[in-house]
Structures are given as C-alpha cells and as structure tokens.
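coords16.csv follows; it contains CSV, N, CA and C atoms.
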```
chain,number,residue,atom,x,y,z
A,1144,MET,N,-17.5,23.0,15.2
A,1144,MET,CA,-17.6,21.9,16.2
A,1144,MET,C,-17.9,20.6,15.5
A,1145,LYS,N,-18.7,20.7,14.4
A,1145,LYS,CA,-19.1,19.5,13.7
A,1145,LYS,C,-17.9,18.7,13.1
A,1146,ILE,N,-16.9,19.5,12.7
A,1146,ILE,CA,-15.7,18.8,12.1
A,1146,ILE,C,-15.0,18.1,13.2
A,1147,LEU,N,-14.9,18.7,14.4
A,1147,LEU,CA,-14.2,18.0,15.5
A,1147,LEU,C,-15.0,16.7,15.9
A,1148,GLU,N,-16.3,16.8,15.8
A,1148,GLU,CA,-17.1,15.7,16.2
A,1148,GLU,C,-16.9,14.5,15.2
A,1149,VAL,N,-16.7,14.8,13.9
A,1149,VAL,CA,-16.4,13.8,13.0
A,1149,VAL,C,-15.2,12.9,13.4
A,1150,PHE,N,-14.1,13.6,13.9
A,1150,PHE,CA,-12.9,12.9,14.3
A,1150,PHE,C,-13.2,12.2,15.6
A,1151,GLN,N,-13.9,12.8,16.5
A,1151,GLN,CA,-14.1,12.2,17.8
A,1151,GLN,C,-15.0,10.9,17.8
A,1152,ARG,N,-15.9,10.8,16.8
A,1152,ARG,CA,-16.7,9.6,16.7
A,1152,ARG,C,-15.8,8.4,16.4
A,1153,GLY,N,-14.7,8.6,15.8
A,1153,GLY,CA,-13.8,7.5,15.6
A,1153,GLY,C,-14.1,6.4,14.6
A,1154,ASN,N,-15.1,6.6,13.7
A,1154,ASN,CA,-15.4,5.6,12.7
A,1154,ASN,C,-14.2,5.5,11.8
A,1155,GLN,N,-13.5,6.5,11.5
A,1155,GLN,CA,-12.3,6.5,10.6
A,1155,GLN,C,-11.3,7.4,11.2
A,1156,ARG,N,-10.1,6.9,11.5
A,1156,ARG,CA,-9.2,7.7,12.3
A,1156,ARG,C,-8.4,8.7,11.4
A,1157,HIS,N,-8.0,8.3,10.2
A,1157,HIS,CA,-7.2,9.1,9.3
A,1157,HIS,C,-8.1,9.6,8.2
A,1158,MET,N,-8.3,10.9,8.0
A,1158,MET,CA,-9.2,11.4,7.0
A,1158,MET,C,-8.6,12.6,6.2
A,1159,THR,N,-8.9,12.6,5.0
A,1159,THR,CA,-8.6,13.8,4.1
A,1159,THR,C,-9.7,14.8,4.3
A,1160,ALA,N,-9.4,16.0,3.9
A,1160,ALA,CA,-10.4,17.1,3.9
A,1160,ALA,C,-11.7,16.6,3.2
A,1161,GLU,N,-11.5,15.9,2.1
A,1161,GLU,CA,-12.6,15.4,1.3
A,1161,GLU,C,-13.4,14.4,2.0
A,1162,ASP,N,-12.7,13.5,2.8
A,1162,ASP,CA,-13.4,12.5,3.6
A,1162,ASP,C,-14.3,13.2,4.6
A,1163,VAL,N,-13.8,14.3,5.3
A,1163,VAL,CA,-14.5,15.0,6.3
A,1163,VAL,C,-15.7,15.7,5.6
A,1164,PHE,N,-15.5,16.3,4.5
A,1164,PHE,CA,-16.6,17.0,3.8
A,1164,PHE,C,-17.7,16.0,3.4
A,1165,ARG,N,-17.3,14.9,2.9
A,1165,ARG,CA,-18.3,13.8,2.5
A,1165,ARG,C,-19.2,13.4,3.7
A,1166,LEU,N,-18.5,13.2,4.8
A,1166,LEU,CA,-19.3,12.8,6.0
A,1166,LEU,C,-20.2,13.9,6.5
A,1167,LEU,N,-19.8,15.2,6.4
A,1167,LEU,CA,-20.6,16.3,6.8
A,1167,LEU,C,-21.8,16.4,5.8
A,1168,LEU,N,-21.6,16.1,4.5
A,1168,LEU,CA,-22.7,16.2,3.6
A,1168,LEU,C,-23.7,15.1,3.9
A,1169,GLN,N,-23.2,13.9,4.3
A,1169,GLN,CA,-24.2,12.8,4.7
A,1169,GLN,C,-25.0,13.2,5.9
A,1170,GLU,N,-24.5,14.0,6.7
A,1170,GLU,CA,-25.2,14.5,7.9
A,1170,GLU,C,-26.1,15.7,7.6
A,1171,ARG,N,-26.1,16.1,6.3
A,1171,ARG,CA,-26.8,17.3,5.9
A,1171,ARG,C,-26.3,18.6,6.5
A,1172,SER,N,-25.0,18.6,6.9
A,1172,SER,CA,-24.4,19.9,7.4
A,1172,SER,C,-24.2,20.9,6.3
A,1173,ASP,N,-24.4,22.1,6.6
A,1173,ASP,CA,-24.2,23.1,5.6
A,1173,ASP,C,-22.8,23.7,5.7
A,1174,VAL,N,-21.8,23.0,5.3
A,1174,VAL,CA,-20.4,23.4,5.4
A,1174,VAL,C,-19.7,23.2,4.1
A,1175,GLY,N,-19.0,24.2,3.6
A,1175,GLY,CA,-18.4,24.1,2.3
A,1175,GLY,C,-17.0,23.4,2.4
A,1176,LEU,N,-16.5,22.9,1.3
A,1176,LEU,CA,-15.1,22.3,1.3
A,1176,LEU,C,-14.1,23.3,1.7
A,1177,ALA,N,-14.2,24.5,1.3
A,1177,ALA,CA,-13.2,25.5,1.7
A,1177,ALA,C,-13.2,25.7,3.2
A,1178,THR,N,-14.3,25.7,3.8
A,1178,THR,CA,-14.4,25.9,5.3
A,1178,THR,C,-13.8,24.7,5.9
A,1179,VAL,N,-14.0,23.5,5.4
A,1179,VAL,CA,-13.4,22.3,6.0
A,1179,VAL,C,-11.8,22.4,5.9
A,1180,TYR,N,-11.3,22.8,4.8
A,1180,TYR,CA,-9.8,23.0,4.7
A,1180,TYR,C,-9.3,24.0,5.7
A,1181,ARG,N,-10.0,25.2,5.8
A,1181,ARG,CA,-9.6,26.2,6.8
A,1181,ARG,C,-9.7,25.7,8.2
A,1182,VAL,N,-10.7,25.1,8.6
A,1182,VAL,CA,-10.9,24.6,10.0
A,1182,VAL,C,-9.8,23.5,10.3
A,1183,LEU,N,-9.6,22.6,9.3
A,1183,LEU,CA,-8.5,21.6,9.6
A,1183,LEU,C,-7.2,22.2,9.8
A,1184,ALA,N,-6.9,23.3,9.0
A,1184,ALA,CA,-5.6,24.0,9.2
A,1184,ALA,C,-5.5,24.7,10.6
A,1185,GLN,N,-6.6,25.3,11.0
A,1185,GLN,CA,-6.7,25.9,12.3
A,1185,GLN,C,-6.6,24.9,13.4
A,1186,PHE,N,-7.2,23.7,13.3
A,1186,PHE,CA,-7.1,22.7,14.3
A,1186,PHE,C,-5.7,22.1,14.4
A,1187,GLU,N,-5.0,22.1,13.2
A,1187,GLU,CA,-3.6,21.6,13.2
A,1187,GLU,C,-2.7,22.6,13.9
A,1188,GLN,N,-2.9,23.9,13.6
A,1188,GLN,CA,-2.1,25.0,14.3
A,1188,GLN,C,-2.4,25.0,15.8
A,1189,ALA,N,-3.6,24.7,16.2
A,1189,ALA,CA,-3.9,24.7,17.6
A,1189,ALA,C,-3.5,23.4,18.3
A,1190,GLY,N,-3.0,22.4,17.6
A,1190,GLY,CA,-2.5,21.2,18.2
A,1190,GLY,C,-3.6,20.2,18.5
A,1191,ILE,N,-4.8,20.4,17.8
A,1191,ILE,CA,-5.9,19.4,18.0
A,1191,ILE,C,-5.8,18.3,17.0
A,1192,LEU,N,-5.3,18.6,15.8
A,1192,LEU,CA,-5.1,17.5,14.8
A,1192,LEU,C,-3.7,17.5,14.4
A,1193,CYS,N,-3.2,16.3,13.9
A,1193,CYS,CA,-1.9,16.1,13.3
A,1193,CYS,C,-2.2,15.8,11.8
A,1194,ARG,N,-1.3,16.3,11.0
A,1194,ARG,CA,-1.4,16.1,9.5
A,1194,ARG,C,-0.2,15.2,9.1
A,1195,SER,N,-0.5,14.3,8.2
A,1195,SER,CA,0.5,13.4,7.6
A,1195,SER,C,0.3,13.4,6.1
A,1196,HIS,N,1.3,13.0,5.4
A,1196,HIS,CA,1.2,12.9,4.0
A,1196,HIS,C,1.7,11.5,3.6
A,1197,PHE,N,0.7,10.6,3.2
A,1197,PHE,CA,1.0,9.3,2.8
A,1197,PHE,C,1.1,9.2,1.3
A,1198,GLU,N,1.3,8.1,0.8
A,1198,GLU,CA,1.4,7.9,-0.7
A,1198,GLU,C,0.2,8.5,-1.4
A,1199,GLY,N,0.4,9.2,-2.5
A,1199,GLY,CA,-0.7,9.8,-3.1
A,1199,GLY,C,-0.7,11.3,-2.9
A,1200,GLY,N,0.1,11.8,-1.9
A,1200,GLY,CA,0.3,13.2,-1.7
A,1200,GLY,C,-0.8,14.0,-1.0
A,1201,LYS,N,-1.9,13.3,-0.7
A,1201,LYS,CA,-3.0,14.1,0.0
A,1201,LYS,C,-2.7,14.1,1.5
A,1202,ALA,N,-3.0,15.3,2.1
A,1202,ALA,CA,-2.9,15.4,3.5
A,1202,ALA,C,-4.0,14.6,4.2
A,1203,VAL,N,-3.5,13.9,5.2
A,1203,VAL,CA,-4.5,13.1,6.0
A,1203,VAL,C,-4.4,13.6,7.5
A,1204,TYR,N,-5.5,13.8,8.1
A,1204,TYR,CA,-5.6,14.3,9.5
A,1204,TYR,C,-6.0,13.3,10.4
A,1205,GLU,N,-5.6,13.4,11.7
A,1205,GLU,CA,-6.0,12.6,12.8
A,1205,GLU,C,-6.0,13.4,14.1
A,1206,LEU,N,-6.7,13.0,15.1
A,1206,LEU,CA,-6.7,13.7,16.4
A,1206,LEU,C,-5.3,13.5,17.0
A,1207,ASP,N,-4.8,14.6,17.5
A,1207,ASP,CA,-3.5,14.6,18.2
A,1207,ASP,C,-3.8,14.2,19.7
A,1208,GLU,N,-3.5,13.0,20.0
A,1208,GLU,CA,-3.8,12.5,21.4
A,1208,GLU,C,-2.5,12.5,22.2
A,1209,GLY,N,-1.5,13.1,21.7
A,1209,GLY,CA,-0.3,13.3,22.5
A,1209,GLY,C,0.7,12.1,22.6
A,1210,GLN,N,0.3,11.0,22.0
A,1210,GLN,CA,1.2,9.8,22.1
A,1210,GLN,C,1.7,9.5,20.7
A,1211,HIS,N,3.1,9.4,20.7
A,1211,HIS,CA,3.7,9.1,19.4
A,1211,HIS,C,3.3,7.7,18.9
A,1212,HIS,N,3.2,7.6,17.6
A,1212,HIS,CA,3.0,6.3,16.9
A,1212,HIS,C,3.4,6.4,15.5
A,1213,ASP,N,3.7,5.3,14.9
A,1213,ASP,CA,4.1,5.3,13.5
A,1213,ASP,C,2.9,4.7,12.7
A,1214,HIS,N,3.1,4.6,11.4
A,1214,HIS,CA,2.0,4.2,10.5
A,1214,HIS,C,2.4,3.1,9.5
A,1215,LEU,N,1.5,2.2,9.3
A,1215,LEU,CA,1.6,1.1,8.4
A,1215,LEU,C,0.5,1.3,7.3
A,1216,VAL,N,0.9,1.6,6.1
A,1216,VAL,CA,-0.1,1.9,5.0
A,1216,VAL,C,-0.2,0.8,4.1
A,1217,CYS,N,-1.4,0.3,3.8
A,1217,CYS,CA,-1.7,-0.8,2.9
A,1217,CYS,C,-1.6,-0.3,1.5
A,1218,LEU,N,-0.8,-0.9,0.6
A,1218,LEU,CA,-0.7,-0.5,-0.8
A,1218,LEU,C,-1.9,-1.0,-1.6
A,1219,ASP,N,-2.6,-2.0,-1.0
A,1219,ASP,CA,-3.8,-2.5,-1.7
A,1219,ASP,C,-5.0,-1.7,-1.6
A,1220,CYS,N,-5.3,-1.2,-0.4
A,1220,CYS,CA,-6.6,-0.5,-0.1
A,1220,CYS,C,-6.4,0.9,0.4
A,1221,GLY,N,-5.1,1.2,0.9
A,1221,GLY,CA,-4.9,2.5,1.4
A,1221,GLY,C,-5.1,2.7,2.9
A,1222,ARG,N,-5.6,1.6,3.5
A,1222,ARG,CA,-5.9,1.6,4.9
A,1222,ARG,C,-4.7,1.9,5.7
A,1223,VAL,N,-4.8,2.7,6.8
A,1223,VAL,CA,-3.6,3.0,7.7
A,1223,VAL,C,-3.8,2.4,9.0
A,1224,GLU,N,-2.8,1.7,9.5
A,1224,GLU,CA,-2.8,1.1,10.9
A,1224,GLU,C,-1.7,1.8,11.6
A,1225,GLU,N,-2.0,2.2,12.9
A,1225,GLU,CA,-1.0,2.8,13.7
A,1225,GLU,C,-0.3,1.7,14.5
A,1226,PHE,N,0.9,2.0,14.9
A,1226,PHE,CA,1.7,1.0,15.7
A,1226,PHE,C,2.7,1.8,16.5
A,1227,PHE,N,3.2,1.2,17.6
A,1227,PHE,CA,4.3,1.8,18.3
A,1227,PHE,C,5.2,0.6,18.7
A,1228,ASP,N,6.5,0.7,18.4
A,1228,ASP,CA,7.4,-0.4,18.7
A,1228,ASP,C,8.6,0.2,19.4
A,1229,PRO,N,8.8,-0.1,20.7
A,1229,PRO,CA,9.9,0.5,21.4
A,1229,PRO,C,11.3,0.2,20.8
A,1230,GLU,N,11.4,-1.0,20.2
A,1230,GLU,CA,12.7,-1.4,19.7
A,1230,GLU,C,13.0,-0.5,18.4
A,1231,ILE,N,12.0,-0.2,17.6
A,1231,ILE,CA,12.2,0.7,16.5
A,1231,ILE,C,12.6,2.0,17.0
A,1232,GLU,N,12.0,2.5,18.0
A,1232,GLU,CA,12.3,3.8,18.5
A,1232,GLU,C,13.7,3.9,19.1
A,1233,ARG,N,14.1,2.8,19.8
A,1233,ARG,CA,15.5,2.7,20.3
A,1233,ARG,C,16.5,2.7,19.1
A,1234,ARG,N,16.3,1.9,18.1
A,1234,ARG,CA,17.2,1.8,17.0
A,1234,ARG,C,17.3,3.1,16.3
A,1235,GLN,N,16.2,3.9,16.1
A,1235,GLN,CA,16.3,5.2,15.4
A,1235,GLN,C,17.2,6.1,16.2
A,1236,ALA,N,17.0,6.1,17.5
A,1236,ALA,CA,17.8,7.0,18.4
A,1236,ALA,C,19.3,6.6,18.3
A,1237,ALA,N,19.6,5.3,18.3
A,1237,ALA,CA,20.9,4.8,18.2
A,1237,ALA,C,21.6,5.2,16.9
A,1238,VAL,N,20.9,5.1,15.8
A,1238,VAL,CA,21.4,5.4,14.5
A,1238,VAL,C,21.7,6.9,14.4
A,1239,ALA,N,20.7,7.7,14.9
A,1239,ALA,CA,20.9,9.2,14.9
A,1239,ALA,C,22.2,9.5,15.7
A,1240,GLU,N,22.3,8.9,16.9
A,1240,GLU,CA,23.4,9.2,17.8
A,1240,GLU,C,24.7,8.8,17.1
A,1241,ALA,N,24.8,7.7,16.5
A,1241,ALA,CA,26.0,7.2,15.8
A,1241,ALA,C,26.4,8.1,14.7
A,1242,LYS,N,25.4,8.8,14.1
A,1242,LYS,CA,25.7,9.7,13.0
A,1242,LYS,C,25.9,11.2,13.5
A,1243,GLY,N,25.8,11.4,14.8
A,1243,GLY,CA,26.0,12.7,15.4
A,1243,GLY,C,24.8,13.6,15.4
A,1244,PHE,N,23.6,12.9,15.5
A,1244,PHE,CA,22.4,13.7,15.6
A,1244,PHE,C,21.6,13.3,16.8
A,1245,SER,N,20.7,14.2,17.2
A,1245,SER,CA,19.7,14.0,18.3
A,1245,SER,C,18.4,14.3,17.7
A,1246,ILE,N,17.5,13.2,17.7
A,1246,ILE,CA,16.2,13.3,17.1
A,1246,ILE,C,15.3,14.2,17.9
A,1247,SER,N,14.7,15.2,17.3
A,1247,SER,CA,13.7,16.1,18.0
A,1247,SER,C,12.3,15.6,17.6
A,1248,ASP,N,12.1,15.0,16.4
A,1248,ASP,CA,10.8,14.6,16.0
A,1248,ASP,C,11.0,13.7,14.8
A,1249,HIS,N,10.1,12.8,14.6
A,1249,HIS,CA,10.1,12.0,13.3
A,1249,HIS,C,8.8,11.4,13.0
A,1250,ALA,N,8.6,11.0,11.8
A,1250,ALA,CA,7.4,10.3,11.3
A,1250,ALA,C,7.9,9.1,10.5
A,1251,LEU,N,7.4,7.9,10.9
A,1251,LEU,CA,7.7,6.7,10.1
A,1251,LEU,C,6.5,6.2,9.5
A,1252,SER,N,6.5,6.0,8.2
A,1252,SER,CA,5.4,5.3,7.5
A,1252,SER,C,6.0,4.2,6.7
A,1253,LEU,N,5.4,3.0,7.0
A,1253,LEU,CA,5.8,1.8,6.3
A,1253,LEU,C,4.7,1.5,5.2
A,1254,TYR,N,5.1,1.2,4.0
A,1254,TYR,CA,4.2,0.9,2.9
A,1254,TYR,C,4.3,-0.6,2.6
A,1255,ALA,N,3.2,-1.3,2.7
A,1255,ALA,CA,3.2,-2.7,2.6
A,1255,ALA,C,2.0,-3.2,1.8
A,1256,THR,N,2.1,-4.5,1.4
A,1256,THR,CA,1.0,-5.1,0.7
A,1256,THR,C,0.4,-6.1,1.7
A,1257,CYS,N,-0.9,-6.0,1.8
A,1257,CYS,CA,-1.7,-6.8,2.8
A,1257,CYS,C,-1.5,-8.3,2.4
A,1258,THR,N,-1.2,-9.1,3.4
A,1258,THR,CA,-1.1,-10.6,3.2
A,1258,THR,C,-2.2,-11.4,3.9
A,1259,LYS,N,-3.3,-10.7,4.3
A,1259,LYS,CA,-4.4,-11.3,5.0
A,1259,LYS,C,-5.3,-11.9,3.9
A,1260,ASN,N,-5.6,-13.2,4.1
A,1260,ASN,CA,-6.6,-13.8,3.1
A,1260,ASN,C,-8.0,-13.2,3.4
A,1261,GLY,N,-8.6,-12.9,2.3
A,1261,GLY,CA,-10.0,-12.3,2.5
A,1261,GLY,C,-10.1,-11.0,3.2
A,1262,CYS,N,-9.1,-10.2,3.1
A,1262,CYS,CA,-9.1,-8.9,3.8
A,1262,CYS,C,-10.3,-8.1,3.4
A,1263,PRO,N,-11.1,-7.7,4.4
A,1263,PRO,CA,-12.4,-7.0,4.1
A,1263,PRO,C,-12.1,-5.6,3.5
A,1264,HIS,N,-10.9,-5.0,3.9
A,1264,HIS,CA,-10.6,-3.6,3.5
A,1264,HIS,C,-10.2,-3.6,2.0
A,1265,ARG,N,-9.5,-4.7,1.6
A,1265,ARG,CA,-9.1,-4.8,0.2
A,1265,ARG,C,-10.3,-5.0,-0.7
A,1266,GLU,N,-11.3,-5.8,-0.2
A,1266,GLU,CA,-12.5,-6.1,-1.0
A,1266,GLU,C,-13.4,-4.8,-1.2
A,1267,ARG,N,-13.3,-3.8,-0.2
A,1267,ARG,CA,-14.1,-2.6,-0.3
A,1267,ARG,C,-13.5,-1.7,-1.3
A,1268,LYS,N,-12.2,-1.8,-1.6
A,1268,LYS,CA,-11.5,-0.9,-2.6
A,1268,LYS,C,-12.1,-0.9,-3.9
A,1269,GLY,N,-12.4,-2.1,-4.4
A,1269,GLY,CA,-12.9,-2.3,-5.8
A,1269,GLY,C,-14.3,-2.0,-5.9
```

Could I get this structure in the form of structure tokens?
Amino acid sequence: MKILEVFQRGNQRHMTAEDVFRLLLQERSDVGLATVYRVLAQFEQAGILCRSHFEGGKAVYELDEGQHHDHLVCLDCGRVEEFFDPEIERRQAAVAEAKGFSISDHALSLYATCTKNGCPHRERKG
C-alpha cells in the first residue's frame, strides 16, 4: 500500500522503480528494491499503473487514470509533461485509415529541448 501511496501523493507523476524505492527509503519504509519491482509489475497487470519506456530505456510508471494522453520529454532534464491534443489524435486515425489500419492503441512521446529561459527543472539536473 505504501507504494501506491507514493503515486497518489502526486509529487512526481512518472517514476522509475528506483525513484519509488528512494522515496520509500526517505520515509524509512522497510521495503526492498526487488519488492518494489514485483509490486509495480503486479499493479501494472491489475491496471492500476501504466508503464512507459522513454529515452534511456528505463521503465517509468504512472497511475492509470483511464484517460489517454501523450508525453513530451525534455532532453535537457528528463522531465515529462503530459498533453492531449484532439487534432493529433484525429490525424493519427486518418493516417492509419489511409494506410488500411484501425488503431487499437498507441503511445506518442515527443522528445524536445526546453526553450524556457531559466527553467528550474534544467537547473536541478546539474
């Protein structure tokens, strides 16, 4: 239950198993890294969490709240922002249909460089 609470607090929406483990250690929870991996896999199978693979190859987990969204990943600091754009969704469906496909599911991740002056997330990376 403590692992689920880490996600529900919402301080960080997308977390690796190591991120979860680190937060549990800070709370002085007696949970091993292997247990964190096992519970994350169980939560994913149960539909509680969604798993994504962003650049770097590590699995990142987030609560599955039942609403589709895509991801914008910062190449400077690794921060992930969620977004939903109806026009992108329509275009994807139109392209699939034109090619003779019907989309059953998809994951879109855009990798970009932050253009914000004084981005606080970029400053935390170093």

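Counting only N, CA and C atoms, the residue from A:Thr1256, A:Thr1178, A:Gln1169, A:Asn1154 that sits nearest to Leu1218 of chain A is A:Thr1256.
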
Distance of atom N of Pro1263 of chain A from atom C of Ile1231 of chain A, expressed in Å to one decimal place:
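About the pair atom C of Ile1231 of chain A and atom N of Pro1263 of chain A: they are 28.5 Å apart.
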
Surrounding residues of Phe1150 of chain A excluding itself and chain neighbours under 2 positions, 12 Å, only C-alpha atoms, as JSON, numbers by chain
{"A": [1144, 1145, 1146, 1147, 1148, 1152, 1153, 1154, 1155, 1156, 1157, 1158, 1159, 1160, 1162, 1163, 1164, 1166, 1167, 1183, 1186, 1191, 1192, 1193, 1203, 1204, 1205, 1206, 1207, 1208]}

For a test of reading the model, state the distance in Å between atom CA of Ser1247 of chain A and atom CA of Pro1229 of chain A, rounded to one decimal.
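According to the coordinates, atom CA of Ser1247 of chain A and atom CA of Pro1229 of chain A are separated by 16.4 Å.
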
Have a look at atom C of Gln1185 of chain A and atom CA of Ser1252 of chain A and let me know their distance in Å, one decimal.
23.7 Å

Which of A:Asp1219, A:Glu1161, A:Glu1225, A:Glu1232 sits closest to Cys1257 of chain A [using all atoms listed in the file]
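When distances to Cys1257 of chain A are compared using all atoms listed in the file, the smallest one comes from A:Asp1219.
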
Between A:Glu1170, A:His1214, A:Phe1197, A:Gly1175, which is the closest to Ala1250 of chain A once you count only N, CA and C atoms?
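Answer, going by the shortest atom-to-atom distance: A:His1214.
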
Write out as a PyMOL selection string all residues of chain A that backbone DSSP assigns to alpha helix (DSSP H).
chain A and resi 1145-1152+1160-1169+1176-1188+1229-1241+1263-1268

Find the smallest box with edges along x, y and z containing every listed atom of segment 1181-1188 of chain A, then add 3 Å on each side and report centre and edge lengths in Å to one decimal, as lines of an AutoDock Vina configuration file.
```
center_x = -6.5
center_y = 23.9
center_z = 10.8
size_x = 14.8
size_y = 10.6
size_z = 16.0
```

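Proximity of A:Val1149, A:Leu1251, A:Leu1168, A:Ala1237 to His1211 of chain A, computed with only C-alpha atoms, is greatest for A:Leu1251.
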
Enumerate, as a PyMOL selection string, the complete set of residues in segment 1153-1233 of chain A that a backbone-based DSSP assignment places in strand (DSSP E).
chain A and resi 1192-1196+1202-1206+1213-1217+1223-1226

Okay, now the selection with N, CA and C atoms, as a PDB file, keeping the file's coordinate frame?
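New file result_28.pdb:
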```pdb
ATOM      1  N   LEU A1192      -5.300  18.600  15.800  1.00  0.00           N
ATOM      2  CA  LEU A1192      -5.100  17.500  14.800  1.00  0.00           C
ATOM      3  C   LEU A1192      -3.700  17.500  14.400  1.00  0.00           C
ATOM      4  N   CYS A1193      -3.200  16.300  13.900  1.00  0.00           N
ATOM      5  CA  CYS A1193      -1.900  16.100  13.300  1.00  0.00           C
ATOM      6  C   CYS A1193      -2.200  15.800  11.800  1.00  0.00           C
ATOM      7  N   ARG A1194      -1.300  16.300  11.000  1.00  0.00           N
ATOM      8  CA  ARG A1194      -1.400  16.100   9.500  1.00  0.00           C
ATOM      9  C   ARG A1194      -0.200  15.200   9.100  1.00  0.00           C
ATOM     10  N   SER A1195      -0.500  14.300   8.200  1.00  0.00           N
ATOM     11  CA  SER A1195       0.500  13.400   7.600  1.00  0.00           C
ATOM     12  C   SER A1195       0.300  13.400   6.100  1.00  0.00           C
ATOM     13  N   HIS A1196       1.300  13.000   5.400  1.00  0.00           N
ATOM     14  CA  HIS A1196       1.200  12.900   4.000  1.00  0.00           C
ATOM     15  C   HIS A1196       1.700  11.500   3.600  1.00  0.00           C
ATOM     16  N   ALA A1202      -3.000  15.300   2.100  1.00  0.00           N
ATOM     17  CA  ALA A1202      -2.900  15.400   3.500  1.00  0.00           C
ATOM     18  C   ALA A1202      -4.000  14.600   4.200  1.00  0.00           C
ATOM     19  N   VAL A1203      -3.500  13.900   5.200  1.00  0.00           N
ATOM     20  CA  VAL A1203      -4.500  13.100   6.000  1.00  0.00           C
ATOM     21  C   VAL A1203      -4.400  13.600   7.500  1.00  0.00           C
ATOM     22  N   TYR A1204      -5.500  13.800   8.100  1.00  0.00           N
ATOM     23  CA  TYR A1204      -5.600  14.300   9.500  1.00  0.00           C
ATOM     24  C   TYR A1204      -6.000  13.300  10.400  1.00  0.00           C
ATOM     25  N   GLU A1205      -5.600  13.400  11.700  1.00  0.00           N
ATOM     26  CA  GLU A1205      -6.000  12.600  12.800  1.00  0.00           C
ATOM     27  C   GLU A1205      -6.000  13.400  14.100  1.00  0.00           C
ATOM     28  N   LEU A1206      -6.700  13.000  15.100  1.00  0.00           N
ATOM     29  CA  LEU A1206      -6.700  13.700  16.400  1.00  0.00           C
ATOM     30  C   LEU A1206      -5.300  13.500  17.000  1.00  0.00           C
ATOM     31  N   ASP A1213       3.700   5.300  14.900  1.00  0.00           N
ATOM     32  CA  ASP A1213       4.100   5.300  13.500  1.00  0.00           C
ATOM     33  C   ASP A1213       2.900   4.700  12.700  1.00  0.00           C
ATOM     34  N   HIS A1214       3.100   4.600  11.400  1.00  0.00           N
ATOM     35  CA  HIS A1214       2.000   4.200  10.500  1.00  0.00           C
ATOM     36  C   HIS A1214       2.400   3.100   9.500  1.00  0.00           C
ATOM     37  N   LEU A1215       1.500   2.200   9.300  1.00  0.00           N
ATOM     38  CA  LEU A1215       1.600   1.100   8.400  1.00  0.00           C
ATOM     39  C   LEU A1215       0.500   1.300   7.300  1.00  0.00           C
ATOM     40  N   VAL A1216       0.900   1.600   6.100  1.00  0.00           N
ATOM     41  CA  VAL A1216      -0.100   1.900   5.000  1.00  0.00           C
ATOM     42  C   VAL A1216      -0.200   0.800   4.100  1.00  0.00           C
ATOM     43  N   CYS A1217      -1.400   0.300   3.800  1.00  0.00           N
ATOM     44  CA  CYS A1217      -1.700  -0.800   2.900  1.00  0.00           C
ATOM     45  C   CYS A1217      -1.600  -0.300   1.500  1.00  0.00           C
ATOM     46  N   VAL A1223      -4.800   2.700   6.800  1.00  0.00           N
ATOM     47  CA  VAL A1223      -3.600   3.000   7.700  1.00  0.00           C
ATOM     48  C   VAL A1223      -3.800   2.400   9.000  1.00  0.00           C
ATOM     49  N   GLU A1224      -2.800   1.700   9.500  1.00  0.00           N
ATOM     50  CA  GLU A1224      -2.800   1.100  10.900  1.00  0.00           C
ATOM     51  C   GLU A1224      -1.700   1.800  11.600  1.00  0.00           C
ATOM     52  N   GLU A1225      -2.000   2.200  12.900  1.00  0.00           N
ATOM     53  CA  GLU A1225      -1.000   2.800  13.700  1.00  0.00           C
ATOM     54  C   GLU A1225      -0.300   1.700  14.500  1.00  0.00           C
ATOM     55  N   PHE A1226       0.900   2.000  14.900  1.00  0.00           N
ATOM     56  CA  PHE A1226       1.700   1.000  15.700  1.00  0.00           C
ATOM     57  C   PHE A1226       2.700   1.800  16.500  1.00  0.00           C
TER      58      PHE A1226
END
```
